[in-house]
Amino acid sequence: MTAARKPAKKPNTELFDDLPVLQRKWQAALRPGEKFPYYEEVMLGGLGRLADHILLLKDKDGVLEVSRTGRYVQTWLGDERWDIPLSAISPDCATALGEAAANSIQNCRPYLAAAHCVRDGTVRTYDVLALPTTSRWGGILVGVYVSERATQYNLLDAIFSTTD
């Protein structure tokens, strides 16, 4: 009888988390000498379940516009409309999305930010990853991935627990 061997070490699952996968996909699509990869190569096809977490922003005459949203993002925004100005959505979401998109465009690379929102008395933290791309038809499109982190806390409990 042989004893079962234990694995040498825990497999590295971080390599397959959403954020590294999207960052690698963006980097792989970036061609030498180009400022941004093409939108079609980064965002179309192959996103699978990640597509629900993607919001597409486009620059329309200097104003960022929410072009398309996945189902998860629609729930986060509390809005299912498309082709609306970024200013038409809740200010906490609009600020986080606008700043992430602006930084990604300015730095010519993906930009990871954390958004903190209070909903129903609960503080929730979201990862916001902006991926700047260019369209084959011209213009800059920013795909923004949004996902809630596991940690949440009640704002009132936090306030009362820190005061006497």
# chains A, B, ... in the order shown; residues from 1 in each chain; ligands from 1
call {"tool": "closest_atom_pairs", "arguments": {"of": "segment 109-152 of chain A", "to": "segment 36-40 of chain A", "cutoff": "6 Å", "atoms": "only C-alpha atoms", "output": "tab-separated table"}}
result
residue	atom	partner	partner_atom	distance
A:Thr133	CA	A:Tyr39	CA	5.0
A:Thr134	CA	A:Tyr38	CA	4.9
A:Ser135	CA	A:Tyr39	CA	5.4
call {"tool": "write_last_selection", "arguments": {"atoms": "N, CA, C and O atoms", "output": "PDB file, in the first residue's frame"}}
result
ATOM      1  N   THR A 133      -8.524  51.665 -24.541  1.00  0.00           N
ATOM      2  CA  THR A 133      -8.342  51.047 -25.859  1.00  0.00           C
ATOM      3  C   THR A 133      -8.694  52.075 -26.927  1.00  0.00           C
ATOM      4  O   THR A 133      -9.270  53.118 -26.633  1.00  0.00           O
ATOM      5  N   THR A 134      -8.364  51.739 -28.152  1.00  0.00           N
ATOM      6  CA  THR A 134      -8.751  52.583 -29.277  1.00  0.00           C
ATOM      7  C   THR A 134      -9.620  51.753 -30.211  1.00  0.00           C
ATOM      8  O   THR A 134      -9.458  50.545 -30.317  1.00  0.00           O
ATOM      9  N   SER A 135     -10.529  52.422 -30.859  1.00  0.00           N
ATOM     10  CA  SER A 135     -11.419  51.746 -31.796  1.00  0.00           C
ATOM     11  C   SER A 135     -10.824  51.803 -33.199  1.00  0.00           C
ATOM     12  O   SER A 135     -10.164  52.773 -33.557  1.00  0.00           O
TER      13      SER A 135
END
call {"tool": "residues_around", "arguments": {"residues": "Asp61 of chain A", "least_positions_apart": "2", "cutoff": "12 Å", "atoms": "only C-alpha atoms", "output": "ChimeraX atom specification"}}
result
/A:58-59,63-65,85,139-140
call {"tool": "residues_around", "arguments": {"residues": "Ala158 of chain A", "least_positions_apart": "4", "cutoff": "12 Å", "atoms": "only C-alpha atoms", "output": "mmCIF file with all heavy atoms, in the first residue's frame"}}
result
data_model
loop_
_atom_site.group_PDB
_atom_site.id
_atom_site.type_symbol
_atom_site.label_atom_id
_atom_site.label_comp_id
_atom_site.auth_asym_id
_atom_site.auth_seq_id
_atom_site.Cartn_x
_atom_site.Cartn_y
_atom_site.Cartn_z
ATOM 1 N N GLY A 121 -26.542 51.602 4.427
ATOM 2 C CA GLY A 121 -25.794 51.611 5.679
ATOM 3 C C GLY A 121 -24.574 50.712 5.701
ATOM 4 O O GLY A 121 -23.864 50.642 6.690
ATOM 5 N N THR A 122 -24.310 50.037 4.619
ATOM 6 C CA THR A 122 -23.169 49.131 4.538
ATOM 7 C C THR A 122 -22.105 49.735 3.626
ATOM 8 O O THR A 122 -22.410 50.154 2.506
ATOM 9 C CB THR A 122 -23.590 47.758 3.987
ATOM 10 O OG1 THR A 122 -24.612 47.218 4.825
ATOM 11 C CG2 THR A 122 -22.422 46.789 3.945
ATOM 12 N N VAL A 123 -20.864 49.769 4.113
ATOM 13 C CA VAL A 123 -19.756 50.263 3.300
ATOM 14 C C VAL A 123 -19.235 49.096 2.472
ATOM 15 O O VAL A 123 -18.903 48.037 3.012
ATOM 16 C CB VAL A 123 -18.630 50.851 4.182
ATOM 17 C CG1 VAL A 123 -17.466 51.308 3.316
ATOM 18 C CG2 VAL A 123 -19.160 51.997 5.030
ATOM 19 N N GLN A 152 -17.147 43.790 3.781
ATOM 20 C CA GLN A 152 -18.161 44.821 3.949
ATOM 21 C C GLN A 152 -18.282 45.091 5.436
ATOM 22 O O GLN A 152 -17.979 44.231 6.256
ATOM 23 C CB GLN A 152 -19.534 44.348 3.471
ATOM 24 C CG GLN A 152 -19.646 44.004 2.041
ATOM 25 C CD GLN A 152 -21.068 43.538 1.705
ATOM 26 O OE1 GLN A 152 -21.975 43.597 2.517
ATOM 27 N NE2 GLN A 152 -21.242 43.068 0.494
ATOM 28 N N TYR A 153 -18.722 46.275 5.785
ATOM 29 C CA TYR A 153 -18.996 46.538 7.193
ATOM 30 C C TYR A 153 -20.103 47.568 7.320
ATOM 31 O O TYR A 153 -20.339 48.379 6.428
ATOM 32 C CB TYR A 153 -17.733 46.979 7.939
ATOM 33 C CG TYR A 153 -17.093 48.245 7.436
ATOM 34 C CD1 TYR A 153 -17.443 49.490 7.954
ATOM 35 C CD2 TYR A 153 -16.121 48.201 6.441
ATOM 36 C CE1 TYR A 153 -16.851 50.654 7.491
ATOM 37 C CE2 TYR A 153 -15.529 49.360 5.970
ATOM 38 C CZ TYR A 153 -15.897 50.576 6.501
ATOM 39 O OH TYR A 153 -15.318 51.724 6.034
ATOM 40 N N ASN A 154 -20.795 47.492 8.446
ATOM 41 C CA ASN A 154 -21.889 48.398 8.721
ATOM 42 C C ASN A 154 -21.312 49.710 9.216
ATOM 43 O O ASN A 154 -20.544 49.739 10.172
ATOM 44 C CB ASN A 154 -22.823 47.779 9.759
ATOM 45 C CG ASN A 154 -24.041 48.645 9.987
ATOM 46 O OD1 ASN A 154 -23.943 49.743 10.524
ATOM 47 N ND2 ASN A 154 -25.188 48.129 9.576
ATOM 48 N N THR A 162 -16.060 52.847 17.655
ATOM 49 C CA THR A 162 -14.840 53.628 17.813
ATOM 50 C C THR A 162 -15.019 54.805 18.769
ATOM 51 O O THR A 162 -14.068 55.506 19.076
ATOM 52 C CB THR A 162 -14.337 54.164 16.459
ATOM 53 O OG1 THR A 162 -15.347 54.963 15.880
ATOM 54 C CG2 THR A 162 -13.942 53.025 15.557
ATOM 55 N N THR A 163 -16.248 55.045 19.218
ATOM 56 C CA THR A 163 -16.488 56.166 20.135
ATOM 57 C C THR A 163 -16.978 55.643 21.484
ATOM 58 O O THR A 163 -17.503 54.544 21.596
ATOM 59 C CB THR A 163 -17.539 57.137 19.564
ATOM 60 O OG1 THR A 163 -18.769 56.421 19.348
ATOM 61 C CG2 THR A 163 -17.074 57.739 18.270
#
call {"tool": "residues_around", "arguments": {"residues": "Leu47 of chain A", "least_positions_apart": "4", "cutoff": "12 Å", "atoms": "only C-alpha atoms", "output": "ChimeraX atom specification"}}
result
/A:18,21-22,25-26,40-43,51-54,70,143,145
call {"tool": "write_last_selection", "arguments": {"atoms": "N, CA, C and O atoms", "output": "tab-separated table (two decimals), in the first residue's frame"}}
result
chain	number	residue	atom	x	y	z
A	18	ASP	N	-9.52	37.59	-11.83
A	18	ASP	CA	-10.03	38.45	-12.89
A	18	ASP	C	-9.08	39.58	-13.28
A	18	ASP	O	-8.84	39.83	-14.46
A	21	VAL	N	-5.93	38.53	-15.25
A	21	VAL	CA	-6.33	38.02	-16.58
A	21	VAL	C	-6.61	39.19	-17.52
A	21	VAL	O	-6.13	39.20	-18.66
A	22	LEU	N	-7.35	40.18	-17.05
A	22	LEU	CA	-7.66	41.34	-17.89
A	22	LEU	C	-6.42	42.16	-18.21
A	22	LEU	O	-6.24	42.62	-19.35
A	25	LYS	N	-4.46	40.30	-20.82
A	25	LYS	CA	-5.15	40.39	-22.11
A	25	LYS	C	-4.89	41.75	-22.76
A	25	LYS	O	-4.64	41.82	-23.97
A	26	TRP	N	-4.93	42.82	-21.98
A	26	TRP	CA	-4.65	44.16	-22.50
A	26	TRP	C	-3.21	44.24	-23.00
A	26	TRP	O	-2.94	44.74	-24.09
A	40	GLU	N	-11.35	45.90	-30.04
A	40	GLU	CA	-11.84	44.62	-30.53
A	40	GLU	C	-10.97	43.46	-30.05
A	40	GLU	O	-11.47	42.37	-29.81
A	41	GLU	N	-9.68	43.68	-29.90
A	41	GLU	CA	-8.77	42.62	-29.49
A	41	GLU	C	-8.80	42.37	-27.98
A	41	GLU	O	-8.49	41.28	-27.53
A	42	VAL	N	-9.18	43.39	-27.22
A	42	VAL	CA	-9.20	43.25	-25.76
A	42	VAL	C	-10.58	42.85	-25.26
A	42	VAL	O	-10.70	41.94	-24.44
A	43	MET	N	-11.60	43.52	-25.74
A	43	MET	CA	-12.93	43.38	-25.15
A	43	MET	C	-13.89	42.44	-25.88
A	43	MET	O	-14.84	41.97	-25.28
A	51	ALA	N	-17.64	39.58	-18.81
A	51	ALA	CA	-18.41	40.59	-19.55
A	51	ALA	C	-19.50	41.21	-18.69
A	51	ALA	O	-19.86	42.37	-18.88
A	52	ASP	N	-20.04	40.47	-17.74
A	52	ASP	CA	-21.06	41.02	-16.84
A	52	ASP	C	-20.51	42.12	-15.95
A	52	ASP	O	-21.26	42.94	-15.44
A	53	HIS	N	-19.20	42.13	-15.75
A	53	HIS	CA	-18.54	43.09	-14.86
A	53	HIS	C	-17.93	44.27	-15.62
A	53	HIS	O	-17.23	45.09	-15.04
A	54	ILE	N	-18.19	44.36	-16.93
A	54	ILE	CA	-17.56	45.39	-17.76
A	54	ILE	C	-18.55	46.50	-18.10
A	54	ILE	O	-19.71	46.25	-18.43
A	70	GLY	N	-22.52	45.61	-18.41
A	70	GLY	CA	-22.87	44.23	-18.12
A	70	GLY	C	-23.90	44.18	-17.00
A	70	GLY	O	-24.18	45.17	-16.33
A	143	GLY	N	-12.78	50.30	-21.35
A	143	GLY	CA	-13.52	49.20	-20.73
A	143	GLY	C	-13.18	49.22	-19.25
A	143	GLY	O	-12.01	49.23	-18.87
A	145	TYR	N	-13.71	47.36	-15.62
A	145	TYR	CA	-14.12	46.17	-14.88
A	145	TYR	C	-14.45	46.59	-13.44
A	145	TYR	O	-13.68	47.31	-12.81
call {"tool": "atom_distance", "arguments": {"atom1": "atom CA of Ile105 of chain A", "atom2": "atom CA of Leu30 of chain A"}}
result
14.1 Å
call {"tool": "select_by_dssp", "arguments": {"residues": "chain A", "states": "alpha helix (DSSP H)", "output": "PyMOL selection string"}}
result
chain A and resi 18-29+39-43+71-77+91-107+155-162
call {"tool": "closest_residue", "arguments": {"among": "A:Leu57, A:Leu19, A:Leu131, A:Val66", "to": "Ser147 of chain A", "atoms": "only C-alpha atoms"}}
result
A:Leu19
call {"tool": "closest_residue", "arguments": {"among": "A:Asp157, A:Ala130, A:Ala88, A:Gly62", "to": "Cys108 of chain A", "atoms": "only C-alpha atoms"}}
result
A:Ala130
